[in-house]
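Trainee: One structure, pasted below without further comment.
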Amino acid sequence: MTAMRGQTKYKSHCYLHCCTQHPDTVFKMQLLLLLVMLTVCAARPQDLYGKMFTFPQQTDTAHVRLMTSRQDLKAVSVCLRSFTDLQREHSLFSLATTSADNDFLIFKKAADDEFEIWAKSNMTDFRGLNYKLNTWLSVCSTWDAASGLTRLWVDGNPSSRKYTSSGSNITGTMTIVLGQNQDSPGGTFDSKQSFVGMISDVHMWDYVISPREIQNYEQVFVRFTPGNVLNCRELEFQTTGRVLIEDKQ
């Protein structure tokens with residue numbers, strides 16, 4: 001009986017302590033719970049067909065983080081559509097891991113027809129593909145770890161095939177970002193390399209898709225095989241800063 005009375009006394013003390021916490025502490029706990037719930041909700045896969053991410057201003061914070069559980073890629077294909085009036089350099093797609101901040105990067109240079117594609121922190125430049133301002137353009141790029149070959153398409157027009165990096169896969173936890181160029185996984189952004197405009201229809205595959213599939217993607221209404229790493233119809237993402245999700249115009 002004595003032990004039971006002691007136990008009851010301990011529970012009563014705990015109850016009184018919990019119920020008499022400072023209001024600021026209770027508020028902080030409730031706020032933390034709300035933030036956790038919002039994060040979980042934001043990360044649920046969503047169908048963004050017919051939608052677009054709008055990045056309305058130059059910042060070093062606003063971005064979209066795309067989620068994937070993949071930790072080993074022997075090849076990469078990425079397609080997206082973009083609309084911008086930027087005449088400076090900017091990032092269109094940035095994949096980083098702890099071992100390389102430019103494991104796969106599609107980067108538009110200031111020159112009208114010049115791009116950089118990075119794979120495993122090695123860069124190849126591409127010229128002669130017209131990146132028009134104030135119109136929707138499709139941009140696709142592929143890279144294969146075995147051959148090291150990289151290629152770029154703008155509105156269905158292909159570049160020559162160029163060597164970038166070979167011999168090792170992209171491995172580890174992957175941080176994929178739209179709107180910013182990562183100089184460390186998930187951060188170290190430079191506003192002068194940020195994207196301002198709209199991005200839609202993001203897809204990513206773990207193999208080199210065929211030129212026919214890229215042509216099908218470029219034609220919008222023609223059926224193509226959706227990405228098996230990222231698929232805009234089942235996209236898991238989180239937004240940070242001033243990024244809007246709107247109907248595509």
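Starting from 1 in every chain, residues are counted up; chains themselves are A, B, ... following the order of the structure tokens, and ligands are numbered from 1 as listed.
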If we count only C-alpha atoms, what is near Ser77 (chain A) at a cut-off of 9 Å, once residues fewer than 2 positions away on the same chain are taken out, given as a list of chain:residue names?
Mentor: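 Contacts, with the query itself left out: A:Ala75, A:Cys79, A:Cys140, A:Ser141, A:Thr142, A:Trp143, A:Asp144, A:His203, A:Met204, A:Trp205, A:Asp206, A:Tyr207, A:Val208, A:Ile209, A:Gly227.
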Trainee: Atoms to include: N, CA, C and O atoms. Write the selected residues as a PDB file, in the first residue's frame.
Mentor:
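Output file again_29.pdb follows:
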```
ATOM      1  N   ALA A  75      22.805   6.929 -64.222  1.00  0.00           N
ATOM      2  CA  ALA A  75      22.509   7.829 -65.338  1.00  0.00           C
ATOM      3  C   ALA A  75      21.434   8.815 -64.885  1.00  0.00           C
ATOM      4  O   ALA A  75      20.722   8.562 -63.907  1.00  0.00           O
ATOM      5  N   CYS A  79      14.003  16.698 -67.606  1.00  0.00           N
ATOM      6  CA  CYS A  79      13.261  17.587 -68.499  1.00  0.00           C
ATOM      7  C   CYS A  79      12.413  18.540 -67.663  1.00  0.00           C
ATOM      8  O   CYS A  79      11.850  18.142 -66.629  1.00  0.00           O
ATOM      9  N   CYS A 140      15.904  19.791 -71.736  1.00  0.00           N
ATOM     10  CA  CYS A 140      16.207  18.433 -71.290  1.00  0.00           C
ATOM     11  C   CYS A 140      17.712  18.214 -71.342  1.00  0.00           C
ATOM     12  O   CYS A 140      18.400  18.754 -72.226  1.00  0.00           O
ATOM     13  N   SER A 141      18.210  17.411 -70.419  1.00  0.00           N
ATOM     14  CA  SER A 141      19.625  17.046 -70.445  1.00  0.00           C
ATOM     15  C   SER A 141      19.780  15.621 -69.949  1.00  0.00           C
ATOM     16  O   SER A 141      19.015  15.163 -69.085  1.00  0.00           O
ATOM     17  N   THR A 142      20.779  14.928 -70.500  1.00  0.00           N
ATOM     18  CA  THR A 142      21.051  13.547 -70.107  1.00  0.00           C
ATOM     19  C   THR A 142      22.537  13.380 -69.811  1.00  0.00           C
ATOM     20  O   THR A 142      23.391  14.101 -70.352  1.00  0.00           O
ATOM     21  N   TRP A 143      22.838  12.418 -68.948  1.00  0.00           N
ATOM     22  CA  TRP A 143      24.226  12.066 -68.628  1.00  0.00           C
ATOM     23  C   TRP A 143      24.272  10.597 -68.260  1.00  0.00           C
ATOM     24  O   TRP A 143      23.370  10.082 -67.590  1.00  0.00           O
ATOM     25  N   ASP A 144      25.336   9.916 -68.709  1.00  0.00           N
ATOM     26  CA  ASP A 144      25.528   8.488 -68.443  1.00  0.00           C
ATOM     27  C   ASP A 144      26.874   8.285 -67.756  1.00  0.00           C
ATOM     28  O   ASP A 144      27.911   8.741 -68.260  1.00  0.00           O
ATOM     29  N   HIS A 203      10.443  16.459 -64.749  1.00  0.00           N
ATOM     30  CA  HIS A 203      10.568  14.998 -64.746  1.00  0.00           C
ATOM     31  C   HIS A 203      12.044  14.630 -64.671  1.00  0.00           C
ATOM     32  O   HIS A 203      12.896  15.339 -65.210  1.00  0.00           O
ATOM     33  N   MET A 204      12.321  13.503 -64.005  1.00  0.00           N
ATOM     34  CA  MET A 204      13.688  12.997 -63.915  1.00  0.00           C
ATOM     35  C   MET A 204      13.654  11.476 -63.980  1.00  0.00           C
ATOM     36  O   MET A 204      12.813  10.837 -63.350  1.00  0.00           O
ATOM     37  N   TRP A 205      14.601  10.906 -64.756  1.00  0.00           N
ATOM     38  CA  TRP A 205      14.703   9.466 -64.942  1.00  0.00           C
ATOM     39  C   TRP A 205      16.085   8.986 -64.478  1.00  0.00           C
ATOM     40  O   TRP A 205      17.043   9.772 -64.476  1.00  0.00           O
ATOM     41  N   ASP A 206      16.192   7.709 -64.143  1.00  0.00           N
ATOM     42  CA  ASP A 206      17.478   7.147 -63.742  1.00  0.00           C
ATOM     43  C   ASP A 206      18.157   6.411 -64.891  1.00  0.00           C
ATOM     44  O   ASP A 206      18.962   5.506 -64.688  1.00  0.00           O
ATOM     45  N   TYR A 207      17.831   6.808 -66.110  1.00  0.00           N
ATOM     46  CA  TYR A 207      18.458   6.260 -67.314  1.00  0.00           C
ATOM     47  C   TYR A 207      18.440   7.340 -68.392  1.00  0.00           C
ATOM     48  O   TYR A 207      17.759   8.378 -68.247  1.00  0.00           O
ATOM     49  N   VAL A 208      19.179   7.125 -69.449  1.00  0.00           N
ATOM     50  CA  VAL A 208      19.205   8.076 -70.556  1.00  0.00           C
ATOM     51  C   VAL A 208      17.991   7.818 -71.442  1.00  0.00           C
ATOM     52  O   VAL A 208      17.889   6.778 -72.087  1.00  0.00           O
ATOM     53  N   ILE A 209      17.059   8.757 -71.458  1.00  0.00           N
ATOM     54  CA  ILE A 209      15.866   8.567 -72.273  1.00  0.00           C
ATOM     55  C   ILE A 209      16.219   8.824 -73.739  1.00  0.00           C
ATOM     56  O   ILE A 209      17.179   9.518 -74.065  1.00  0.00           O
ATOM     57  N   GLY A 227       8.818  10.575 -65.658  1.00  0.00           N
ATOM     58  CA  GLY A 227      10.017  10.287 -64.886  1.00  0.00           C
ATOM     59  C   GLY A 227       9.779   9.254 -63.800  1.00  0.00           C
ATOM     60  O   GLY A 227       8.731   9.251 -63.157  1.00  0.00           O
TER      61      GLY A 227
END
```
Trainee: Among region 148-187 of chain A, which ones does DSSP place in strand (DSSP E or B), written as a list in words?
Mentor: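 Answer for region 148-187 of chain A, restricted to strand (DSSP E or B): Leu149, Thr150, Arg151, Leu152, Trp153, Val154, Asn157, Pro158, Lys162, Tyr163, Ile170, Thr171, Thr175, Ile176, Val177, Leu178, Ser184 and Gly187 of chain A.
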Trainee: Which one is closest to Gln182 (chain A): A:Asp247, A:Asp60, A:Glu89, A:Asp125? Count only C-alpha atoms.
Mentor: A:Asp60
Trainee: May I have the residues within 8 Å of region 126-135 of chain A as a list in words, using only C-alpha atoms and disregarding those fewer than 4 positions away in the same chain?
Mentor: Phe83, Thr84, Asp85, Leu86, Asp112, Asp113, Glu114, Phe115, Glu116, Ile117, Leu152, Trp153, Val154, Asn157, Pro158 and Ser159 of chain A
Trainee: Per residue of region 132-173 of chain A within 7 Å of region 212-226 of chain A, record the nearest atom pair and its distance in Å to one decimal, counting only C-alpha atoms, with rows in chain order and ascending residue number, as a Markdown table.
Mentor:
```
| residue | atom | partner | partner_atom | distance |
| --- | --- | --- | --- | --- |
| A:Ser138 | CA | A:Glu218 | CA | 6.0 |
| A:Asp155 | CA | A:Glu218 | CA | 6.1 |
| A:Gly156 | CA | A:Gln215 | CA | 5.5 |
```
Trainee: For region 71-73 of chain A, list every protein, DNA or RNA residue within 8 Å, evaluated using only C-alpha atoms, and leave out those in the same chain fewer than 6 positions away; present the list as a ChimeraX atom specification.
Mentor: /A:169-174,206
Trainee: Write a file of the just-selected residues containing N, CA, C and O atoms, as a short mmCIF file (atom, residue, chain, number, x, y, z; two decimals), in the first residue's frame.
Mentor:
```cif
data_model
loop_
_atom_site.label_atom_id
_atom_site.label_comp_id
_atom_site.auth_asym_id
_atom_site.auth_seq_id
_atom_site.Cartn_x
_atom_site.Cartn_y
_atom_site.Cartn_z
N ASN A 169 29.02 6.56 -60.14
CA ASN A 169 27.62 6.96 -60.08
C ASN A 169 27.44 8.17 -59.17
O ASN A 169 28.33 8.52 -58.38
N ILE A 170 26.28 8.77 -59.25
CA ILE A 170 25.86 9.76 -58.25
C ILE A 170 25.30 8.99 -57.07
O ILE A 170 24.32 8.25 -57.22
N THR A 171 25.93 9.11 -55.92
CA THR A 171 25.52 8.32 -54.77
C THR A 171 25.35 9.20 -53.53
O THR A 171 25.95 10.28 -53.44
N GLY A 172 24.57 8.69 -52.59
CA GLY A 172 24.36 9.40 -51.33
C GLY A 172 23.00 10.08 -51.29
O GLY A 172 22.23 10.05 -52.25
N THR A 173 22.71 10.71 -50.17
CA THR A 173 21.46 11.45 -50.02
C THR A 173 21.45 12.64 -50.96
O THR A 173 22.39 13.43 -50.98
N MET A 174 20.39 12.74 -51.76
CA MET A 174 20.34 13.75 -52.82
C MET A 174 19.44 14.90 -52.43
O MET A 174 18.31 14.71 -51.98
N ASP A 206 16.19 7.71 -64.14
CA ASP A 206 17.48 7.15 -63.74
C ASP A 206 18.16 6.41 -64.89
O ASP A 206 18.96 5.51 -64.69
#
```
Trainee: Rank A:Phe195, A:Ala111, A:Phe53, A:Ser166 by their smallest atom-to-atom distance to Gly179 (chain A), using only C-alpha atoms, and report the top residue only.
Mentor: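 Going through A:Phe195, A:Ala111, A:Phe53, A:Ser166 one by one, the smallest distance to Gly179 (chain A) is for A:Phe195.
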Trainee: Please return as number ranges by chain: the residues of region 56-236 of chain A that backbone DSSP assigns to alpha helix (DSSP H).
Mentor: A: 211-218
Trainee: Interatomic distance between CA of Ala100 (chain A) and CA of Asn122 (chain A)?
Mentor: 9.9 Å
Trainee: Within 6 Å of Leu48 (chain A), counting only C-alpha atoms, which residues qualify if same-chain residues fewer than 3 places away don't, as a list in words?
Mentor: Lys51, Cys232 and Arg233 of chain A
Trainee: What's around region 191-193 of chain A at 7 Å? Count only C-alpha atoms, leave out sequence neighbours fewer than 4 positions away in its own chain, and write the answer as a PyMOL selection string.
Mentor: chain A and resi 58-60+89-91+180-181
Trainee: From the set A:Val78, A:Ile176, A:Leu230, A:Met52, which residue has the shortest atom-to-atom contact distance to Gln249 (chain A), counting only C-alpha atoms?
Mentor: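 Looking at the shortest contact to Gln249 (chain A), the residue is A:Met52.
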Trainee: Just the residues within 10 Å of Gly148 (chain A), please, counting only C-alpha atoms, with nothing from its chain fewer than 5 positions along; format it as a list in words.
Mentor: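 Listed by chain and then number, they are Ala75, Ala119, Lys120, Trp143, Arg161, Lys162, Tyr163, Thr164, Ser165, Ser166, Gly167 and Ser168 of chain A.
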Trainee: Now that the selection is made, can you save its residues with N, CA and C atoms as an mmCIF file, in the first residue's frame?
Mentor:
```
data_model
loop_
_atom_site.group_PDB
_atom_site.id
_atom_site.type_symbol
_atom_site.label_atom_id
_atom_site.label_comp_id
_atom_site.auth_asym_id
_atom_site.auth_seq_id
_atom_site.Cartn_x
_atom_site.Cartn_y
_atom_site.Cartn_z
ATOM 1 N N ALA A 75 22.805 6.929 -64.222
ATOM 2 C CA ALA A 75 22.509 7.829 -65.338
ATOM 3 C C ALA A 75 21.434 8.815 -64.885
ATOM 4 N N ALA A 119 28.229 17.364 -64.141
ATOM 5 C CA ALA A 119 27.996 16.010 -63.634
ATOM 6 C C ALA A 119 29.213 15.609 -62.805
ATOM 7 N N LYS A 120 28.968 15.193 -61.585
ATOM 8 C CA LYS A 120 30.052 14.801 -60.685
ATOM 9 C C LYS A 120 31.110 15.903 -60.573
ATOM 10 N N TRP A 143 22.838 12.418 -68.948
ATOM 11 C CA TRP A 143 24.226 12.066 -68.628
ATOM 12 C C TRP A 143 24.272 10.597 -68.260
ATOM 13 N N ARG A 161 26.944 15.523 -78.660
ATOM 14 C CA ARG A 161 27.214 14.737 -77.460
ATOM 15 C C ARG A 161 28.629 15.060 -76.980
ATOM 16 N N LYS A 162 28.748 15.355 -75.692
ATOM 17 C CA LYS A 162 30.044 15.748 -75.146
ATOM 18 C C LYS A 162 30.365 14.949 -73.890
ATOM 19 N N TYR A 163 31.668 14.774 -73.669
ATOM 20 C CA TYR A 163 32.124 14.062 -72.477
ATOM 21 C C TYR A 163 32.153 15.014 -71.283
ATOM 22 N N THR A 164 31.661 14.526 -70.125
ATOM 23 C CA THR A 164 31.703 15.323 -68.897
ATOM 24 C C THR A 164 32.451 14.590 -67.789
ATOM 25 N N SER A 165 31.926 13.435 -67.360
ATOM 26 C CA SER A 165 32.550 12.682 -66.277
ATOM 27 C C SER A 165 32.076 11.242 -66.347
ATOM 28 N N SER A 166 32.981 10.296 -66.057
ATOM 29 C CA SER A 166 32.604 8.883 -66.096
ATOM 30 C C SER A 166 33.309 8.132 -64.978
ATOM 31 N N GLY A 167 32.851 6.887 -64.761
ATOM 32 C CA GLY A 167 33.538 6.009 -63.826
ATOM 33 C C GLY A 167 32.900 5.880 -62.466
ATOM 34 N N SER A 168 31.985 6.786 -62.115
ATOM 35 C CA SER A 168 31.328 6.666 -60.812
ATOM 36 C C SER A 168 29.913 7.202 -60.887
#
```
Trainee: Which of these residues is nearest to Leu244 (chain A), using only C-alpha atoms: A:Val177, A:Leu80, A:Val139, A:Ile199?
Mentor: A:Ile199
Trainee: Expressed in Å to a single decimal, how great is the separation between CA of Arg88 (chain A) and CA of Ile106 (chain A)?
Mentor: 14.4 Å
